[in-house]
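Enquirer: Structure: upload.cif, mmCIF, C-alpha atoms.
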```cif
data_structure
#
loop_
_atom_site.label_atom_id
_atom_site.label_comp_id
_atom_site.auth_asym_id
_atom_site.auth_seq_id
_atom_site.Cartn_x
_atom_site.Cartn_y
_atom_site.Cartn_z
CA MET A 1 35.45 -4.16 1.01
CA THR A 2 32.05 -2.59 0.42
CA THR A 3 30.38 -3.50 -2.85
CA ASP A 4 28.34 -1.16 -5.04
CA THR A 5 25.26 -3.20 -4.09
CA GLU A 6 25.86 -2.52 -0.39
CA VAL A 7 26.50 1.18 -1.01
CA ARG A 8 23.39 1.40 -3.19
CA GLU A 9 21.36 -0.20 -0.42
CA ARG A 10 22.73 2.26 2.12
CA VAL A 11 21.87 5.20 -0.13
CA LEU A 12 18.34 3.90 -0.71
CA GLU A 13 17.75 3.38 3.00
CA ALA A 14 18.97 6.90 3.77
CA ALA A 15 16.90 8.37 0.93
CA ASP A 16 13.79 6.57 2.12
CA ARG A 17 14.20 7.90 5.67
CA LEU A 18 15.01 11.46 4.61
CA PHE A 19 12.46 11.78 1.79
CA TYR A 20 9.67 10.42 3.98
CA ALA A 21 10.56 12.61 6.95
CA LYS A 22 11.29 15.85 5.07
CA SER A 23 10.22 15.44 1.39
CA ALA A 24 12.38 14.91 -1.66
CA HIS A 25 12.55 18.63 -2.48
CA ALA A 26 13.75 19.50 1.02
CA VAL A 27 16.60 16.98 0.95
CA GLY A 28 19.68 17.99 -0.98
CA MET A 29 22.10 15.52 -2.48
CA ASP A 30 24.80 16.73 -0.04
CA GLU A 31 22.58 15.87 2.92
CA LEU A 32 21.78 12.50 1.39
CA ARG A 33 25.42 11.62 0.74
CA THR A 34 26.32 12.59 4.31
CA GLU A 35 23.47 10.49 5.74
CA ALA A 36 24.45 7.52 3.56
CA GLY A 37 28.17 7.96 4.17
CA VAL A 38 29.14 8.05 0.48
CA SER A 39 30.87 10.54 -1.73
CA LEU A 40 28.83 12.75 -4.03
CA LYS A 41 30.69 11.22 -6.97
CA LYS A 42 29.68 7.72 -5.90
CA LEU A 43 26.09 8.84 -5.34
CA TYR A 44 25.87 10.11 -8.92
CA GLN A 45 27.57 6.97 -10.24
CA LEU A 46 24.81 4.89 -8.68
CA PHE A 47 21.86 7.20 -9.45
CA ASP A 48 21.46 9.74 -12.23
CA GLY A 49 19.66 12.17 -9.95
CA LYS A 50 16.99 12.66 -7.34
CA GLU A 51 14.13 11.56 -9.59
CA SER A 52 15.66 8.10 -10.06
CA LEU A 53 16.25 7.88 -6.31
CA VAL A 54 12.62 8.73 -5.53
CA GLU A 55 11.46 6.21 -8.12
CA GLU A 56 13.60 3.43 -6.64
CA VAL A 57 12.67 4.32 -3.05
CA LEU A 58 8.98 4.08 -3.95
CA ARG A 59 9.43 0.72 -5.69
CA ARG A 60 11.18 -0.70 -2.63
CA ARG A 61 8.59 0.80 -0.30
CA GLU A 62 5.80 -0.79 -2.34
CA GLU A 63 7.37 -4.23 -1.93
CA ALA A 64 7.87 -3.75 1.80
CA ILE A 65 4.37 -2.42 2.46
CA THR A 66 2.77 -5.19 0.40
CA ALA A 67 4.67 -7.84 2.35
CA GLU A 68 3.81 -6.25 5.69
CA THR A 69 0.12 -5.85 4.82
CA MET A 70 -0.10 -9.43 3.57
CA LYS A 71 0.96 -10.66 7.01
CA TYR A 72 -2.20 -9.09 8.41
CA VAL A 73 -4.37 -10.37 5.57
CA GLN A 74 -3.06 -13.93 5.81
CA ARG A 75 -3.92 -14.13 9.51
CA ALA A 76 -7.60 -13.46 8.76
CA SER A 77 -9.86 -16.46 8.37
CA THR A 78 -12.56 -15.14 5.99
CA PRO A 79 -12.44 -12.92 2.89
CA GLU A 80 -14.40 -10.26 4.80
CA ASP A 81 -11.89 -10.34 7.66
CA GLN A 82 -9.03 -10.13 5.16
CA ILE A 83 -10.46 -6.87 3.83
CA LEU A 84 -10.84 -5.48 7.34
CA ALA A 85 -7.27 -6.56 8.17
CA VAL A 86 -5.85 -3.92 5.83
CA PHE A 87 -7.30 -1.30 8.17
CA ASP A 88 -5.70 -3.08 11.15
CA TRP A 89 -2.36 -2.78 9.34
CA MET A 90 -2.99 0.91 8.75
CA ALA A 91 -4.00 1.57 12.36
CA ASP A 92 -0.91 -0.22 13.65
CA SER A 93 1.38 1.57 11.18
CA SER A 94 0.05 5.08 11.72
CA GLY A 95 -0.96 7.49 14.42
CA THR A 96 2.52 8.49 15.53
CA SER A 97 4.22 11.86 15.22
CA ASP A 98 6.70 10.45 12.67
CA PHE A 99 3.97 8.99 10.45
CA ARG A 100 3.72 11.18 7.33
CA GLY A 101 0.92 9.36 5.52
CA CYS A 102 1.23 7.63 2.21
CA ALA A 103 4.68 8.06 0.69
CA PHE A 104 3.14 7.56 -2.76
CA ILE A 105 0.56 10.31 -2.37
CA ASN A 106 3.21 12.57 -0.85
CA SER A 107 5.61 11.92 -3.73
CA TYR A 108 2.91 12.44 -6.32
CA ALA A 109 1.87 15.73 -4.74
CA GLU A 110 5.46 16.86 -4.67
CA LEU A 111 6.84 15.51 -7.95
CA GLY A 112 3.99 14.03 -9.99
CA PRO A 113 3.27 17.07 -12.14
CA SER A 114 6.90 17.26 -13.25
CA SER A 115 7.94 13.61 -13.20
CA GLU A 116 6.38 11.00 -15.46
CA ARG A 117 8.58 8.36 -13.83
CA VAL A 118 7.32 9.09 -10.31
CA THR A 119 3.75 9.37 -11.57
CA ALA A 120 4.04 5.94 -13.20
CA VAL A 121 5.29 4.33 -9.98
CA VAL A 122 2.53 5.96 -7.92
CA ARG A 123 -0.17 4.92 -10.38
CA HIS A 124 1.19 1.38 -10.40
CA GLN A 125 1.08 1.20 -6.60
CA LYS A 126 -2.44 2.62 -6.36
CA SER A 127 -3.62 0.24 -9.07
CA GLY A 128 -2.06 -2.63 -7.13
CA VAL A 129 -3.81 -1.66 -3.90
CA ARG A 130 -7.11 -1.24 -5.72
CA GLY A 131 -6.59 -4.62 -7.43
CA ALA A 132 -5.81 -6.40 -4.16
CA ILE A 133 -8.92 -4.97 -2.52
CA ALA A 134 -11.00 -5.88 -5.59
CA ALA A 135 -9.75 -9.48 -5.45
CA MET A 136 -10.65 -9.75 -1.77
CA VAL A 137 -14.08 -8.23 -2.37
CA ALA A 138 -14.66 -10.57 -5.32
CA ALA A 139 -13.91 -13.51 -3.01
CA THR A 140 -16.84 -12.37 -0.84
CA GLY A 141 -19.16 -12.36 -3.85
CA ARG A 142 -19.97 -8.69 -3.44
CA PRO A 143 -20.23 -6.34 -6.42
CA GLU A 144 -17.26 -4.38 -7.73
CA TRP A 145 -18.58 -1.03 -6.49
CA VAL A 146 -17.90 -2.30 -2.95
CA ALA A 147 -14.20 -2.62 -3.85
CA ASP A 148 -14.15 0.92 -5.22
CA SER A 149 -15.78 2.23 -2.04
CA ILE A 150 -13.41 0.35 0.27
CA PHE A 151 -10.42 1.52 -1.76
CA LEU A 152 -11.57 5.14 -1.33
CA LEU A 153 -12.09 4.56 2.39
CA PHE A 154 -8.56 3.16 2.61
CA GLU A 155 -6.98 6.07 0.75
CA GLY A 156 -8.91 8.70 2.69
CA ALA A 157 -8.09 7.10 6.01
CA MET A 158 -4.40 6.95 5.10
CA THR A 159 -4.34 10.70 4.47
CA ASN A 160 -6.29 11.53 7.61
CA THR A 161 -4.15 9.38 9.89
CA ALA A 162 -1.21 11.55 8.89
CA ILE A 163 -3.07 14.84 9.31
CA THR A 164 -4.53 13.94 12.70
CA GLU A 165 -1.51 11.95 13.96
CA SER A 166 -4.07 9.40 15.08
CA SER A 167 -4.97 5.86 14.08
CA GLU A 168 -8.64 6.73 14.66
CA PRO A 169 -9.36 7.44 10.96
CA ALA A 170 -8.19 3.91 10.14
CA ARG A 171 -10.57 2.48 12.74
CA GLN A 172 -13.44 4.66 11.48
CA ALA A 173 -12.80 3.55 7.89
CA GLN A 174 -12.76 -0.06 9.07
CA VAL A 175 -16.20 0.40 10.64
CA ALA A 176 -17.48 1.88 7.38
CA ALA A 177 -15.94 -0.99 5.38
CA ARG A 178 -17.59 -3.51 7.70
CA PHE A 179 -20.92 -1.75 7.20
CA LEU A 180 -20.50 -1.95 3.41
CA LEU A 181 -19.65 -5.64 3.57
CA GLU A 182 -22.57 -6.43 5.85
CA ASN A 183 -25.09 -4.45 3.80
CA ALA A 184 -23.99 -4.96 0.20
CA LEU A 185 -25.71 -8.04 -1.10
CA PRO A 186 -23.59 -10.63 -2.87
CA LYS A 187 -24.01 -10.51 -6.66
CA ALA A 188 -26.36 -13.50 -6.80
CA ASP A 189 -28.63 -11.92 -4.16
CA GLU A 190 -28.88 -8.48 -5.82
CA SER A 191 -31.99 -9.41 -7.79
CA GLN A 192 -33.95 -10.35 -4.68
#
```
In structure tokens, how does this file's structure come out?
Expert:
Amino acid sequence: MTTDTEVRERVLEAADRLFYAKSAHAVGMDELRTEAGVSLKKLYQLFDGKESLVEEVLRRREEAITAETMKYVQRASTPEDQILAVFDWMADSSGTSDFRGCAFINSYAELGPSSERVTAVVRHQKSGVRGAIAAMVAATGRPEWVADSIFLLFEGAMTNTAITESSEPARQAQVAARFLLENALPKADESQ
């Protein structure tokens, strides 16, 4: 017998695939229930509507992406290399015809103006990415503006990898991040 937890998982997996490939607005609940193999009644028993589905899909995606990115970061031997590793993750994850860019930016563009719940999840994720980069930059001793700059490089590269269907923007952003790290003096050296 299939439990509600298993059905919920199946619905979330189907929603993640469909929303990322087509967008939440383009996917109707009928299409989602068919893809997940559940009745419409069951779908609405588990989720109160599309907004709650998008919110939950994004939360799950955040956990998965963080875990995947941390594998790259943990293989790096220095704080500088850890920062550059996030661009390796991006290059390896992007540049294919089915890559649609950042699911969080896409969801915000689509639903943010009308959904406080989706906006909150997106802001939380972006704050988390910015915080992780800031912690890595702090470990190098470089000033906080370096973290802000690398975060912007990361976000811009993510968008451009989707537009160009190429991992090249991730590599270009990595070169720029390396330049920043090599040329921004650590805090103690700024007065020299």
Enquirer: Which residues, named as in the file, does the PyMOL selection byres ((chain A and resi 25) around 10) pick out? Answer as a ChimeraX atom specification.
Expert: /A:19,22-24,26-28,50,107,110-111
Enquirer: Quick one, how far is atom CA of A:Asp48 from atom CA of A:Cys102?
Expert: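 Between atom CA of A:Asp48 and atom CA of A:Cys102 the gap works out to 24.9 Å.
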Enquirer: Please determine, counting all atoms listed in the file, which residue among A:Phe99, A:Trp145, A:Tyr108, A:Phe179 has the shortest atom-to-atom distance to A:Met158.
Expert: A:Phe99
Enquirer: Can you spell out as number ranges by chain the set of residues that the PyMOL selection byres ((chain A and resi 68-76) around 12) selects in the structure I just provided?
Expert: A: 61-67, 77-93, 129, 132-133, 136
Enquirer: Hey, which of A:Ala134, A:Asn160, A:Glu56, A:Ser39 ends up closest to A:Glu9? Count only C-alpha atoms.
Expert: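 Closest to A:Glu9, using only C-alpha atoms: A:Glu56.
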Enquirer: What's the separation between atom CA of A:Glu51 and atom CA of A:Gly128, in Å to one decimal place?
Expert: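 Separation of atom CA of A:Glu51 and atom CA of A:Gly128: 21.7 Å.
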Enquirer: Name all residues at most 10 Å from A:Glu144 (count all atoms listed in the file; drop same-chain ones fewer than 3 positions away) and give them as a list in words.
Expert: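 Neighbouring residues, sequence-local ones excluded: Ile133, Ala134, Ala135, Val137, Ala138, Gly141, Ala147, Asp148, Ser149 and Lys187 of chain A.
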Enquirer: Between A:Val122, A:Ile163, A:Val146, A:Leu153, which has the minimum distance to A:Asn183 (counting only C-alpha atoms)?
Expert: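 The answer is A:Val146, which sits nearest to A:Asn183.
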Enquirer: From the list A:Phe151, A:Tyr44, A:Tyr20, A:Phe104, which residue is nearest A:Val118 when using all atoms listed in the file?
Expert: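 Nearest candidate to A:Val118 out of A:Phe151, A:Tyr44, A:Tyr20, A:Phe104: A:Phe104.
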Enquirer: With all atoms listed in the file as the atoms that count, which of A:Pro186, A:Leu12, A:Thr159, A:Pro169 lies nearest to A:Arg142?
Expert: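 The shortest atom-to-atom distance to A:Arg142 comes from A:Pro186.
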Enquirer: For the atom pair atom CA of A:Val7 and atom CA of A:Arg33, what is the interatomic distance in Å to one decimal place?
Expert: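 Computing the Euclidean distance for atom CA of A:Val7 and atom CA of A:Arg33 yields 10.6 Å.
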Enquirer: Using only C-alpha atoms, find the one residue out of A:Ala103, A:Ala173, A:Val54, A:Leu185 that sits nearest to A:Ala21.
Expert: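 Nearest to A:Ala21: A:Ala103.
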Enquirer: So which residues touch A:Asp4 within 10 Å, counting only C-alpha atoms, skipping near sequence neighbours fewer than 6 positions away, as a ChimeraX atom specification?
Expert: /A:10,42,45-46
Enquirer: Could you name the residues that touch A:Ser167 at 6 Å or less, counting all atoms listed in the file, but leaving out those on the same chain fewer than 3 positions away, as a PyMOL selection string?
Expert: chain A and resi 91+94-95+161+170
Enquirer: Just to be explicit: take each residue in the selection above, keep C-alpha atoms, and write the result as an mmCIF file, in the frame of the given file.
Expert:
```cif
data_model
loop_
_atom_site.group_PDB
_atom_site.id
_atom_site.type_symbol
_atom_site.label_atom_id
_atom_site.label_comp_id
_atom_site.auth_asym_id
_atom_site.auth_seq_id
_atom_site.Cartn_x
_atom_site.Cartn_y
_atom_site.Cartn_z
ATOM 1 C CA ALA A 91 -4.000 1.570 12.360
ATOM 2 C CA SER A 94 0.050 5.080 11.720
ATOM 3 C CA GLY A 95 -0.960 7.490 14.420
ATOM 4 C CA THR A 161 -4.150 9.380 9.890
ATOM 5 C CA ALA A 170 -8.190 3.910 10.140
#
```
Enquirer: Env of stretch 34-38 of chain A: 9 Å cut, atoms = only C-alpha atoms, seq-sep filter 5 positions within chain, self excluded. Answer as a VMD selection string.
Expert: chain A and resid 7 10 to 15 18 29 43
